[in-house]
Structure formats: structure tokens, C-alpha cells
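Heads up, entry-v5.cif below (mmCIF, C-alpha atoms):
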data_entry
#
loop_
_atom_site.label_atom_id
_atom_site.label_comp_id
_atom_site.auth_asym_id
_atom_site.auth_seq_id
_atom_site.Cartn_x
_atom_site.Cartn_y
_atom_site.Cartn_z
CA VAL A 1 0.00 0.00 0.00
CA GLU A 2 1.30 3.47 -0.90
CA SER A 3 2.02 5.22 2.36
CA GLY A 4 3.50 8.50 1.28
CA ASP A 5 5.74 10.31 -1.18
CA ASN A 6 8.13 7.39 -1.34
CA GLY A 7 7.48 5.86 -4.71
CA LYS A 8 7.18 2.36 -3.28
CA SER A 9 3.77 1.53 -4.71
CA SER A 10 1.06 2.97 -6.93
CA VAL A 11 -1.75 1.71 -4.67
CA GLU A 12 -3.38 4.49 -2.65
CA SER A 13 -4.51 3.72 0.88
CA SER A 14 -7.91 4.97 2.03
CA TYR A 15 -8.29 8.31 3.77
CA CYS A 16 -9.56 6.67 6.96
CA GLN A 17 -6.51 4.41 6.99
CA ARG A 18 -4.20 7.40 6.57
CA LEU A 19 -5.88 9.15 9.50
CA LYS A 20 -5.33 6.01 11.58
CA ASP A 21 -1.68 6.06 10.49
CA VAL A 22 -1.40 9.64 11.75
CA LEU A 23 -2.80 8.68 15.16
CA VAL A 24 -0.45 5.70 15.48
CA VAL A 25 2.73 7.47 14.35
CA THR A 26 2.24 10.76 16.20
CA SER A 27 1.17 9.02 19.42
CA SER A 28 4.48 7.16 19.44
CA LEU A 29 6.41 10.35 18.62
CA GLY A 30 4.77 12.10 21.56
CA PHE A 31 6.44 9.61 23.91
CA VAL A 32 9.92 9.19 22.39
CA THR A 33 11.05 12.58 21.04
CA PHE A 34 13.41 13.79 23.76
CA GLY A 35 15.95 16.58 23.56
CA ASP A 36 16.11 19.95 21.86
CA SER A 37 14.65 20.81 18.45
CA SER A 38 17.54 19.28 16.46
CA SER A 39 17.34 16.02 18.40
CA GLN A 40 13.60 15.84 17.94
CA ALA A 41 13.87 16.63 14.22
CA ALA A 42 16.29 13.71 13.83
CA ILE A 43 13.92 11.33 15.60
CA ILE A 44 10.96 12.54 13.53
CA GLN A 45 12.91 12.08 10.29
CA ASP A 46 13.92 8.56 11.30
CA GLN A 47 10.34 7.57 12.06
CA ILE A 48 8.62 9.32 9.14
CA CYS A 49 11.08 8.41 6.37
CA THR A 50 12.92 5.29 7.50
CA HIS A 51 10.41 3.41 9.63
CA TRP A 52 6.98 4.40 8.27
CA HIS A 53 8.00 5.45 4.72
CA TRP A 54 5.57 8.35 4.56
CA MET A 55 7.90 10.29 2.25
CA THR A 56 11.39 10.33 0.80
CA ASN A 57 14.29 12.06 2.53
CA GLU A 58 14.23 14.65 -0.28
CA THR A 59 10.60 15.54 0.43
CA PHE A 60 11.29 15.62 4.16
CA MET A 61 14.13 18.07 3.61
CA GLU A 62 11.81 20.31 1.58
CA LEU A 63 9.41 20.18 4.53
CA PHE A 64 12.33 20.86 6.88
CA ALA A 65 13.26 24.00 4.92
CA LEU A 66 9.64 25.17 4.84
CA SER A 67 9.28 24.58 8.59
CA ARG A 68 12.33 26.70 9.35
CA ALA A 69 11.01 29.53 7.18
CA ILE A 70 7.57 29.96 8.78
CA PRO A 71 6.62 30.76 12.40
CA GLY A 72 6.30 27.86 14.81
CA PRO A 73 8.51 25.42 16.77
CA LEU A 74 10.43 23.26 14.27
CA PRO A 75 9.54 19.78 15.65
CA THR A 76 5.84 20.67 15.87
CA GLN A 77 5.88 21.99 12.30
CA LEU A 78 7.58 18.80 11.07
CA VAL A 79 5.02 16.57 12.78
CA MET A 80 2.07 18.59 11.48
CA GLY A 81 3.57 18.98 8.00
CA SER A 82 4.24 15.26 7.68
CA ALA A 83 0.68 14.50 8.75
CA ILE A 84 -0.76 17.07 6.33
CA ILE A 85 1.19 15.49 3.46
CA HIS A 86 -0.11 12.09 4.53
CA ALA A 87 -3.72 12.92 5.41
CA GLY A 88 -4.52 16.56 4.68
CA TRP A 89 -5.47 19.37 7.06
CA LEU A 90 -7.46 17.07 9.34
CA GLY A 91 -4.47 14.78 9.68
CA GLY A 92 -2.34 17.78 10.64
CA PHE A 93 -4.87 18.83 13.27
CA LEU A 94 -5.04 15.34 14.78
CA ALA A 95 -1.24 15.12 14.74
CA LEU A 96 -0.93 18.38 16.65
CA ILE A 97 -3.31 17.21 19.38
CA VAL A 98 -1.75 13.77 19.79
CA TRP A 99 1.79 15.16 19.58
CA VAL A 100 1.39 17.67 22.40
CA LEU A 101 -1.01 15.69 24.61
CA PRO A 102 1.38 13.54 26.72
CA GLY A 103 3.69 16.37 27.78
CA LEU A 104 0.80 18.82 28.07
CA CYS A 105 -1.02 16.59 30.58
CA VAL A 106 2.11 16.08 32.69
CA LEU A 107 3.04 19.77 32.71
CA THR A 108 -0.53 20.85 33.48
CA GLY A 109 -0.49 18.54 36.49
CA ALA A 110 2.93 19.86 37.46
CA GLY A 111 1.63 23.42 37.28
CA LEU A 112 -1.24 22.51 39.59
CA LEU A 113 1.19 20.88 42.02
CA VAL A 114 4.09 23.26 41.53
CA GLU A 115 4.84 23.53 45.24
CA VAL A 116 5.68 19.82 45.51
CA LEU A 117 7.70 19.45 42.30
CA LEU A 118 10.95 17.54 42.39
CA ASP A 119 14.09 19.56 41.84
CA PRO A 120 14.59 19.68 38.04
CA GLU A 121 18.36 19.85 38.64
CA LYS A 122 18.18 16.20 39.78
CA PRO A 123 16.42 14.38 36.94
CA PRO A 124 15.06 10.85 37.44
CA ILE A 125 17.64 8.13 36.94
CA PHE A 126 15.81 6.71 33.90
CA LEU A 127 16.54 9.94 31.97
CA LEU A 128 20.34 9.73 32.31
CA GLY A 129 20.97 7.69 29.14
CA ILE A 130 18.51 9.51 26.91
CA ALA A 131 20.58 12.63 26.19
CA PRO A 132 23.57 10.69 24.75
CA ALA A 133 21.16 8.66 22.61
CA THR A 134 19.61 11.79 21.13
CA VAL A 135 23.12 13.00 20.25
CA ALA A 136 23.64 9.80 18.27
CA LEU A 137 20.34 10.29 16.44
CA VAL A 138 21.34 13.83 15.47
CA PHE A 139 24.71 12.58 14.19
CA LYS A 140 22.89 10.00 12.07
CA ALA A 141 20.51 12.63 10.69
CA ALA A 142 23.34 15.07 9.89
CA TYR A 143 25.27 12.38 8.02
CA GLY A 144 22.20 11.15 6.16
CA PHE A 145 21.14 14.62 5.08
CA GLY A 146 24.68 15.70 4.23
CA SER A 147 25.26 12.67 2.00
CA THR A 148 22.45 13.87 -0.30
CA LEU A 149 24.13 17.19 -1.08
CA ASP A 150 26.18 18.00 -4.16
CA LYS A 151 29.49 19.86 -3.83
CA PHE A 152 27.91 23.30 -3.98
CA GLY A 153 25.29 22.36 -1.39
CA LEU A 154 27.96 20.84 0.81
CA GLY A 155 29.91 24.10 0.68
CA LEU A 156 26.82 26.03 1.75
CA SER A 157 26.18 23.53 4.52
CA LEU A 158 29.72 23.75 5.90
CA SER A 159 29.56 27.55 5.75
CA SER A 160 26.28 27.67 7.66
CA MET A 161 27.65 25.18 10.17
CA ALA A 162 30.62 27.45 10.82
CA GLY A 163 28.31 30.46 11.02
CA ALA A 164 26.04 28.75 13.56
CA ILE A 165 29.05 27.83 15.71
CA LEU A 166 30.26 31.44 15.52
CA VAL A 167 26.87 32.88 16.53
CA ASN A 168 26.63 30.55 19.52
CA GLY A 169 30.30 30.63 20.48
CA ASP A 170 31.30 34.30 20.34
CA LEU A 171 31.28 36.34 23.54
CA ASN A 172 30.38 39.50 21.62
CA ILE A 173 27.26 37.99 20.01
CA LYS A 174 24.10 37.59 22.06
CA SER A 175 22.55 34.13 22.04
CA THR A 176 19.19 35.67 21.11
CA ASP A 177 20.71 37.07 17.89
CA SER A 178 20.41 33.63 16.30
CA GLN A 179 16.66 34.27 16.06
CA PHE A 180 17.50 36.81 13.33
CA VAL A 181 20.79 35.46 11.98
CA TYR A 182 19.49 31.98 11.15
CA PRO A 183 16.62 33.17 8.89
CA ILE A 184 19.06 35.54 7.14
CA MET A 185 21.48 32.66 6.52
CA LEU A 186 18.62 30.54 5.15
CA ALA A 187 17.62 33.36 2.80
CA ILE A 188 21.21 33.79 1.61
CA GLY A 189 21.47 30.07 0.89
CA GLY A 190 18.28 30.13 -1.16
CA PHE A 191 19.42 33.24 -3.04
CA LEU A 192 22.79 31.72 -3.94
CA THR A 193 21.28 28.51 -5.34
CA LEU A 194 18.66 30.55 -7.23
CA ILE A 195 21.45 32.58 -8.88
CA ASP A 196 23.44 29.43 -9.60
CA ALA A 197 20.47 27.62 -11.14
CA THR A 198 19.10 30.47 -13.27
CA LEU A 199 22.06 32.67 -14.24
CA ASN A 200 25.05 30.34 -14.29
CA ARG A 201 25.49 28.62 -17.67
CA THR A 202 27.30 25.78 -15.95
CA PRO A 203 25.65 25.49 -12.53
CA LEU A 204 27.85 24.47 -9.63
CA GLY A 205 24.95 22.44 -8.19
CA SER A 206 22.49 19.97 -9.65
CA TYR A 207 18.83 20.98 -9.86
CA SER A 208 15.65 19.14 -10.72
CA ILE A 209 11.93 19.25 -9.99
CA ALA A 210 9.65 16.63 -8.47
CA SER A 211 8.03 14.17 -10.87
CA SER A 212 4.66 15.45 -12.04
CA ARG A 213 2.79 12.35 -10.92
CA ARG A 214 4.24 12.28 -7.42
CA ALA A 215 3.90 16.04 -6.95
CA HIS A 216 0.24 15.97 -8.02
CA ARG A 217 -0.44 13.10 -5.60
CA VAL A 218 1.07 15.03 -2.71
CA SER A 219 -0.78 18.20 -3.72
CA GLY A 220 -4.05 16.27 -3.84
CA ARG A 221 -3.50 14.84 -0.38
CA ILE A 222 -2.73 18.24 1.11
CA GLY A 223 -5.92 19.62 -0.41
CA ILE A 224 -5.41 23.26 0.64
CA PRO A 225 -5.96 25.70 -2.27
CA LEU A 226 -4.12 29.01 -2.38
CA ILE A 227 -7.30 30.96 -1.70
CA ALA A 228 -7.77 28.93 1.48
CA GLY A 229 -4.22 29.78 2.50
CA ALA A 230 -4.95 33.49 2.05
CA MET A 231 -8.13 33.19 4.11
CA ILE A 232 -6.25 31.36 6.88
CA PHE A 233 -3.73 34.21 7.01
CA GLN A 234 -6.59 36.67 7.42
CA LEU A 235 -8.01 34.48 10.19
CA TRP A 236 -4.67 34.56 12.02
CA LEU A 237 -4.52 38.34 11.77
CA ILE A 238 -8.13 38.75 12.97
CA ILE A 239 -7.54 36.49 15.98
CA LEU A 240 -4.35 38.34 16.91
CA LEU A 241 -5.86 41.82 16.65
CA ALA A 242 -9.13 40.86 18.33
CA ALA A 243 -7.43 39.20 21.31
CA MET A 244 -5.08 42.15 21.80
CA LEU A 245 -7.94 44.66 21.49
CA VAL A 246 -10.23 42.93 23.99
CA ASP A 247 -7.37 42.48 26.45
CA ALA A 248 -6.51 46.20 26.14
CA LEU A 249 -10.13 47.26 26.65
CA PHE A 250 -10.62 45.05 29.72
CA PRO A 251 -7.21 44.89 31.40
CA GLY A 252 -6.96 42.32 34.17
CA GLN A 253 -10.62 41.33 33.86
CA MET A 254 -10.14 38.32 31.58
CA PRO A 255 -7.05 36.46 32.81
CA ASN A 256 -7.51 33.49 30.48
CA LEU A 257 -7.80 35.78 27.45
CA GLU A 258 -4.70 37.57 28.69
CA LEU A 259 -2.86 34.25 28.70
CA PHE A 260 -4.16 33.37 25.25
CA GLN A 261 -3.15 36.60 23.56
CA SER A 262 0.28 36.64 25.24
CA PHE A 263 1.09 33.14 23.99
CA PHE A 264 -0.55 33.74 20.61
CA ARG A 265 1.87 36.63 20.02
CA ILE A 266 4.83 34.47 21.10
CA GLY A 267 3.66 31.57 18.92
CA SER A 268 3.57 33.94 15.94
CA VAL A 269 7.26 34.91 16.20
CA ILE A 270 8.89 31.52 16.94
CA PHE A 271 11.23 30.47 14.15
CA GLY A 272 13.28 27.28 13.94
CA GLY A 273 13.75 25.46 17.21
CA GLY A 274 12.29 28.30 19.20
CA GLU A 275 14.67 27.93 22.14
CA ASP A 276 15.82 31.52 21.58
CA VAL A 277 12.29 32.74 22.36
CA LEU A 278 12.56 31.41 25.92
CA ALA A 279 14.35 34.57 27.02
CA MET A 280 11.50 36.65 25.65
CA MET A 281 9.00 34.35 27.37
CA LYS A 282 10.75 34.87 30.69
CA THR A 283 10.60 38.65 30.30
CA GLN A 284 6.88 38.60 29.49
CA MET A 285 5.77 35.88 31.92
CA VAL A 286 7.78 36.72 35.07
CA PRO A 287 6.44 37.97 37.45
CA LYS A 288 3.15 38.56 35.62
CA PHE A 289 2.01 34.93 35.58
CA LEU A 290 4.48 33.10 37.84
CA THR A 291 7.67 33.56 39.85
CA ARG A 292 11.18 33.24 38.48
CA GLU A 293 11.71 30.03 40.47
CA GLN A 294 8.51 28.52 39.11
CA PHE A 295 9.51 29.52 35.57
CA PHE A 296 12.78 27.61 35.73
CA GLN A 297 11.16 24.66 37.50
CA GLY A 298 8.67 24.30 34.67
CA LEU A 299 11.33 24.83 32.00
CA GLY A 300 13.56 22.13 33.49
CA LEU A 301 10.67 19.69 33.67
CA SER A 302 9.56 20.39 30.09
CA GLN A 303 13.10 19.78 28.81
CA ALA A 304 13.17 16.40 30.58
CA LEU A 305 9.90 15.24 29.01
CA PRO A 306 9.28 13.96 25.48
CA GLY A 307 7.38 16.07 22.99
CA PRO A 308 7.57 19.79 22.26
CA ILE A 309 9.41 21.93 24.79
CA PHE A 310 6.67 24.54 24.39
CA ASN A 311 4.29 22.34 26.31
CA PHE A 312 5.91 24.57 28.92
CA SER A 313 3.05 26.97 28.11
CA ALA A 314 0.60 24.57 29.80
CA PHE A 315 2.68 24.71 32.98
CA ILE A 316 2.60 28.52 33.03
CA GLY A 317 -1.13 28.57 32.34
CA ALA A 318 -1.84 26.04 35.07
CA VAL A 319 0.21 27.96 37.63
CA TYR A 320 -1.70 31.14 36.82
CA GLN A 321 -5.26 29.94 36.15
CA ASP A 322 -5.36 26.16 36.77
CA ILE A 323 -6.69 23.87 33.99
CA PRO A 324 -8.54 26.60 31.99
CA GLY A 325 -5.33 28.63 32.00
CA ALA A 326 -3.31 25.64 30.75
CA ILE A 327 -5.76 25.13 27.88
CA CYS A 328 -5.77 28.82 26.89
CA ALA A 329 -1.97 29.12 27.06
CA SER A 330 -1.40 25.96 24.98
CA LEU A 331 -4.04 26.94 22.44
CA GLY A 332 -2.50 30.39 22.13
CA LEU A 333 1.00 29.04 21.55
CA PHE A 334 0.27 26.19 19.13
CA LEU A 335 -2.63 27.64 17.10
CA PRO A 336 -0.38 30.02 15.11
CA SER A 337 1.91 27.08 14.27
CA TYR A 338 -1.01 25.14 12.82
CA LEU A 339 -2.37 28.11 10.87
CA PHE A 340 1.01 29.06 9.41
CA MET A 341 1.73 25.45 8.48
CA LEU A 342 -1.56 25.31 6.54
CA ILE A 343 -0.58 28.54 4.77
CA GLY A 344 2.92 27.24 4.00
CA MET A 345 1.66 23.90 2.72
CA SER A 346 -0.83 25.59 0.37
CA LEU A 347 2.10 27.42 -1.24
CA TRP A 348 4.55 24.51 -1.17
CA ALA A 349 2.09 22.11 -2.80
CA ARG A 350 1.76 24.42 -5.82
CA LEU A 351 5.34 25.62 -6.16
CA ARG A 352 7.39 22.46 -5.61
CA MET A 353 7.13 21.65 -9.34
CA VAL A 354 8.54 25.08 -10.30
CA TYR A 355 12.23 25.03 -11.19
CA TRP A 356 13.28 28.29 -9.51
CA PHE A 357 11.38 27.46 -6.32
CA LYS A 358 13.04 24.05 -6.08
CA ALA A 359 16.41 25.77 -6.56
CA ILE A 360 15.68 28.12 -3.65
CA LEU A 361 14.58 25.20 -1.45
CA LYS A 362 17.80 23.38 -2.26
CA GLY A 363 19.86 26.26 -0.89
CA VAL A 364 17.68 26.58 2.19
CA ASN A 365 18.00 22.82 2.73
CA ALA A 366 21.79 22.96 2.54
CA VAL A 367 21.99 25.76 5.11
CA ALA A 368 19.52 23.97 7.40
CA ILE A 369 21.63 20.80 7.23
CA GLY A 370 24.59 22.89 8.38
CA PHE A 371 22.57 23.93 11.42
CA ILE A 372 22.05 20.24 12.24
CA GLY A 373 25.79 19.67 11.91
CA ALA A 374 26.46 22.51 14.34
CA ALA A 375 23.89 21.02 16.70
CA CYS A 376 25.96 17.82 16.82
CA ILE A 377 28.82 19.79 18.36
CA PHE A 378 26.63 21.71 20.81
CA LEU A 379 24.75 18.60 21.90
CA TRP A 380 27.91 16.58 22.43
CA GLU A 381 29.27 19.27 24.73
CA SER A 382 26.03 19.62 26.69
CA SER A 383 25.02 15.94 26.87
CA VAL A 384 28.21 13.88 27.14
CA HIS A 385 29.76 14.67 30.53
CA LYS A 386 31.42 11.39 31.49
CA ALA A 387 32.68 8.16 30.00
CA ALA A 388 29.34 6.37 30.52
CA ASP A 389 27.62 9.00 28.37
CA ALA A 390 30.16 8.52 25.57
CA ILE A 391 29.71 4.73 25.67
CA ILE A 392 25.92 5.05 25.45
CA CYS A 393 26.28 7.52 22.58
CA VAL A 394 28.57 5.17 20.63
CA ILE A 395 26.29 2.17 21.19
CA SER A 396 23.23 4.20 20.19
CA LEU A 397 24.99 5.45 17.05
CA GLY A 398 25.83 1.90 16.04
CA LEU A 399 22.28 0.69 16.63
CA CYS A 400 20.58 3.45 14.65
CA GLY A 401 23.27 4.18 12.06
CA ILE A 402 24.51 0.70 11.17
CA TYR A 403 21.70 -1.67 12.15
CA ASN A 404 18.82 0.77 11.44
CA ILE A 405 17.16 0.17 14.80
CA SER A 406 14.23 2.58 15.17
CA ALA A 407 14.55 5.64 17.40
CA PRO A 408 12.07 4.54 20.12
CA ILE A 409 13.96 1.28 20.68
CA VAL A 410 17.32 3.09 20.71
CA ILE A 411 16.04 5.55 23.31
CA LEU A 412 14.57 2.78 25.45
CA LEU A 413 17.82 0.79 25.40
CA ALA A 414 19.81 3.94 26.18
CA ALA A 415 17.59 4.64 29.18
CA VAL A 416 18.21 1.09 30.45
CA LEU A 417 21.97 1.45 29.93
CA GLY A 418 21.92 4.78 31.76
CA VAL A 419 20.32 3.14 34.80
CA ILE A 420 22.80 0.23 34.71
CA PHE A 421 25.87 2.48 34.46
CA GLU A 422 24.59 4.76 37.23
CA LYS A 423 23.64 1.95 39.63
CA ALA A 424 26.88 0.02 39.02
CA GLN A 425 28.93 3.25 39.02
CA TRP A 426 30.68 2.18 35.82
CA ALA A 427 32.53 4.68 33.60
CA GLN A 428 31.76 7.64 35.83
CA VAL A 429 35.00 9.52 35.20
CA PRO A 430 34.06 13.04 34.05
CA TYR A 431 35.57 14.74 31.00
CA ASN A 432 37.57 17.90 31.65
#

Step by step, read the file and then write its structure as C-alpha cells.
Amino acid sequence: VESGDNGKSSVESSYCQRLKDVLVVTSSLGFVTFGDSSSQAAIIQDQICTHWHWMTNETFMELFALSRAIPGPLPTQLVMGSAIIHAGWLGGFLALIVWVLPGLCVLTGAGLLVEVLLDPEKPPIFLLGIAPATVALVFKAAYGFGSTLDKFGLGLSLSSMAGAILVNGDLNIKSTDSQFVYPIMLAIGGFLTLIDATLNRTPLGSYSIASSRRAHRVSGRIGIPLIAGAMIFQLWLIILLAAMLVDALFPGQMPNLELFQSFFRIGSVIFGGGEDVLAMMKTQMVPKFLTREQFFQGLGLSQALPGPIFNFSAFIGAVYQDIPGAICASLGLFLPSYLFMLIGMSLWARLRMVYWFKAILKGVNAVAIGFIGAACIFLWESSVHKAADAIICVISLGLCGIYNISAPIVILLAAVLGVIFEKAQWAQVPYN
């Protein structure tokens, strides 16, 4: 049965079956995608392309580039985008709900019981092996994506990798500057490949367009016309302006609306991983909705849980206004992501057969792959602290990279190894 843009079969599965696929795949992703945005993107790619064969790696990288270019947390956009390609707008909506639900429930409960939370600086023992495993998954993704590039794309990728390391490793550059620098680098990459493909008589890179049959099948599955995309953009703007206007007219009288509009504005300016927006969240949320200590407690807990880190919004909402607050905060944060993904997919479905657009996407892809390569370095430094971590990372890399063991199994085995090494006190020598 044809299960995606993978060219494996000409037989089309039923729409109901594809919706069931979305529920099955995204429910598993909601429990196994640990780590930051790059780690989660690697796990999502492994599951969507390698395990479930919803699409080819090439199509996933187009989706990856699109997700980095529109507002919304990257992993959430990838999950929704994959589901939209597989089962249309309804599939994307179901994917969003199932994807955020596990972490949202836990963090809502944590917000209600914030006074008795465990210290997030001392994570449960079963989480110790997960960070090194996610590093291995990111290494696998970086290698797999990089191997698809031509020489020109590889040069762009290495340049963006060096640029990302510079932005995050220079004392004179603020960490929040990456929120602006990364989109600029993506735009430069797309511009350079556009020039190479259209003006260079002998292009440095290789360029092609998707096969007409496959592209039309994907476009039909997405089922979002351009006019619908324009109307969705108007809906986003109306919601934003209306929420801000009502909150301004009735200050302090509608706390749940206040939560919604605050998070709706934040959800509309998140690009890429979104971690850089956390500083802005802290400025806007503390002490308005919670204390500084509660903010960092919730952040630490959200980073230890699977699923999107921005389930953190449910924690803040629950601290401020209990369960209704958690619902309003989460809806405010994730609704813009869904709306912008629908808008982006309506454009992508029509333009992916256009030569110049594919050339731009190829440059954006190459730069984005460089960001994943840079993430390998950052994650190694932040996740591998002692010899036991390095051993778990190497074993995980072998399992997923050589033997193609799926990400959930790799993470489960890494968690078991982390417990064993910690209990036995094996390989506990720290790195300097």
C-alpha cells in the first residue's frame, strides 16, 4: 500500500486508513522525542522516512526547509507537515493534538502541584541515558542529510555550520541574535542557489523538480488551495488583533484571554527550534504569571519530558489559572503554528514543481543541514559529561546508524543502559 511520497507503490490507501496512520505514528512520537529541536527533528525524520515510509528524505528536507522559514517550533511543524502530506489538514490537526497531549497533561499537572515538584536539577535516573542517545540520532541525521548534497550544497552547509558555531560561540554575540541570523542565513542560501540555477550557464549544483505524478499526488493529499491559505492568514490576523484589542479594553478582567493573547503573540514569532524565544518568554511571563523560580522549574521539567518543549506553556497557564489557564496558554501558543503550516503547505504544494522554487529550497535545505551539523557539536558538549555517556552515545549510534534500529527502541535501550551504568557506578570519570 502506498504510504507517502516514497514511490514504493502505486496503490493508494484509504483516507480513513491514513488518519489512523497519523494517530499511530504521532502518538508514538509524543512519547519518544526527547531533547532539543535538532534532536527531535532527527527522531521525527527517522520515524517518518525510514520506519513508516511516509515520504522520501528529499521531500522531508523540503518540509524541513519550509518549517524553518515559517513561524512555529520546528519539531511541531515537522510533525504537522508530515501529517498534512499524509492525510490533509485534518491529519495535521489530529497530529498536533496527539503530539502535544502527553507532555501537556504532565506539565498541566505539574503546574497545579508546583509547590511539591521535584528539583529539576536532579532528573530521574531513567533519563540519564537519553541525552547521549539523542546526540547519536542527530549525528545520524546530519550524516544522512549531508550525504544527499552536491558539492555546492555541501559548501553552503559547511559555511552555515561554521556560522552557527560562531553565533553561539562568540562572547560579543548575544545568544538571542540567532533568532534573526538563522533566517538571514537561510535566505542567503536560497538566493545563492537561485542565482546558480538560473544565471550560471554551468551550474555548480544539480537541480531538478519533483516528478509530475508524485507532486500531483502530494498536492491532492494536502488539499489546501491558495485561496484557502490566504483566508487562513486573514483568520490569524483577525484572531491576533481581536485578542489584543479585547485584552486592552478590559485589562486584568479576563485572565484566560490575557494568557491566550500573550502566547498567541509568542507563537507567531517563533522560528526554527524556538529555544531563543525562551528569554522573551521569561521577560513577558515573570512575574506577571508566575515567579522566576517557578519559571525555571517548569522549564527544566519540560526539557526532561518527550514532545515539544513549548508544552511549557501549559505549565505557566496552570500555575496562573489552573486547567482553563493551561488550555488557553497551549491553544494560544500552538494555534499560530497550525495556521502558518496550513498557509505554508498551500504554497509549497503548488510551487514544488517550479524550477526556480526548487532551486531556492535546495539552498535553504543545505543551510539547514549545516545547522544540524552545528547542533551535533553543541549537543555533544552539553550531553556527554562522562565516560558512561560517551559509551551510550557510541552504542546508540551503532544501533541506529549501522543496524537501522528505530529511534524509540534506541532511546529505550539507552535509558536502560543509563540506569545500569549509574547503579553500578561504571565509567563515571568526568571529562575535563

Specify as an MDAnalysis selection string each residue included when the PyMOL selection byres ((chain A and resi 401) around 12) is applied to this file. chainID A and resid 42 46 50 133 136:144 393:400 402:407 410

Is it possible to get the residues within 9 Å of (12.3, 24.8, 26.5) (coordinates as in the file, counting all atoms listed in the file) written as a ChimeraX atom specification? /A:36,274-275,277-278,298-303,308-312

What is the distance, in Å and to one decimal place, between atom CA of Ser159 of chain A and atom CA of Ser147 of chain A? 15.9 Å

Can you work out which one of A:Phe126, A:Ser206, A:Gly344, A:Ala87 has the shortest atom-to-atom distance to Phe421 of chain A, counting all atoms listed in the file?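 Looking only at the distances to Phe421 of chain A, the closest residue turns out to be A:Phe126.
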
Starting from the point (9.6, 15.8, 13.5), work out which residues of protein, DNA or RNA have an atom no more than 6 Å away when counting all atoms listed in the file; state them as a PyMOL selection string. chain A and resi 40-41+44-45+75+78-79

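Taking atom CA of Val319 of chain A and atom CA of Val246 of chain A as endpoints, the distance between them is 22.8 Å.
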
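For the pair atom CA of Ser330 of chain A and atom CA of Ala314 of chain A, the interatomic distance is 5.4 Å.
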
Pick the closest to Ala368 of chain A from A:Ser337, A:Ser38, A:Thr76, A:Thr108: which is it, counting all atoms listed in the file?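 Of the candidates, the smallest distance to Ala368 of chain A is held by A:Ser38.
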
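Among the candidates A:Ser39, A:Ser82, A:Ser208, A:Thr134, the residue lying nearest to Ala414 of chain A is A:Thr134 (atoms considered: only C-alpha atoms).
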
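Minimum atom-to-atom distance to Met345 of chain A, evaluated using only C-alpha atoms, belongs to A:Ala65 out of A:Ala65, A:Leu331, A:Ile173, A:Ala326.
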
Which of these, A:Ser219, A:Ser157, A:Ser313, A:Thr283, has the shortest distance to Phe145 of chain A once you count all atoms listed in the file? A:Ser157
